[in-house]
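Q: Shown below is the structure under consideration.
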Amino acid sequence: MPRSRLPKVDSVVDTVLRLSALQDHRAIAIMAAAFLEYTLGLALSARLREMDPSEQSSVFDNQGHGALATFSQKIWMGFALGLYLTETRSDLNRIKDVRNRFAHTPEHVDFSDPEIAG
């Protein structure tokens with residue numbers, strides 16, 4: 001994620017407004033978490049050394065085997081680099097877990113589901 005691709009504040013606000021207009025809880029949860037994971041990746045990328053696109057892809061993707069390929073890995077690395085404190089790390093992990101519940105549960109779930117609402 002090249003540093004020149006950092007999102008502008010107006011694009012972040014626009015994304016949040018588009019998500020809030022959705023009616024499907026599954027889509028909201030998955031898309032919001034994906035956007036958060038993407039922006040966390042950008043924040044991490046800004047703290048790392050300059051790398052060419054191939055090197056960056058090896059760190060952030062590498063066919064799912066990169067050091068920062070998963071949301072969980074990005075969450076822990078952001079914490080380790082001091083981007084946020086324990087409470088934020090816990091919140092990010094909760095968001096990841098909610099995303100996983102929506103993404104991997106075939107039956108209908110929404111934000112009132114006891115596991116999600118908790």
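How things are named: the first chain in the structure tokens is A, the next is B, and so on; residues count from 1 in each chain; ligands count from 1 in the order shown.
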Step one, run DSSP on the backbone; step two, keep only residues of range 3-99 of chain A assigned to alpha helix (DSSP H); then write them as a ChimeraX atom specification.
A: /A:9-20,25-47,53-60,71-80,86-99
Q: Could you name the residues that touch range 32-36 of chain A at 9 Å or less, counting only C-alpha atoms, but leaving out those on the same chain fewer than 2 positions away, as a PyMOL selection string?
A: chain A and resi 15-16+19+27-30+38-41+71+92+95-96+98-99
Q: Here is a test: counting only C-alpha atoms, which residue of A:Leu83, A:Glu37, A:Leu17, A:Asn100 is nearest to Ala69 in chain A?
A: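 Smallest distance to Ala69 in chain A is found for A:Glu37.
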Q: With distances taken over only C-alpha atoms, which of A:Asp14, A:Glu50, A:Asp97, A:Glu55 is nearest to Ala117 in chain A?
A: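 With only C-alpha atoms as the atom set, the closest residue is A:Asp97.
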Q: I'd like to know which of A:Leu42, A:Phe79, A:Arg89, A:Arg94 is closest to Gly118 in chain A, using only C-alpha atoms.
A: A:Arg94
Q: Of the candidates A:Ala80, A:His25, A:Ser57, A:Ser20, which shows the shortest atom-to-atom distance to Arg101 in chain A, using only C-alpha atoms?
A: A:His25
Q: Using only C-alpha atoms for the distances, tell me which of A:Gln63, A:Ser90, A:Gln56, A:Thr105 is nearest to Gly78 in chain A.
A: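 When distances to Gly78 in chain A are compared using only C-alpha atoms, the smallest one comes from A:Ser90.
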Q: Mind giving me the straight-line distance from CA of Tyr84 in chain A to CA of Leu48 in chain A in Å, one decimal?
A: 16.1 Å
Q: By how many Å are CA of Ala67 in chain A and CA of His104 in chain A apart?
A: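 That distance, rounded to one decimal, is 23.2 Å.
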Q: Please report the interatomic distance between CA of Gln23 in chain A and CA of Glu115 in chain A in Å with one decimal.
A: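 Separating CA of Gln23 in chain A from CA of Glu115 in chain A is a distance of 20.0 Å.
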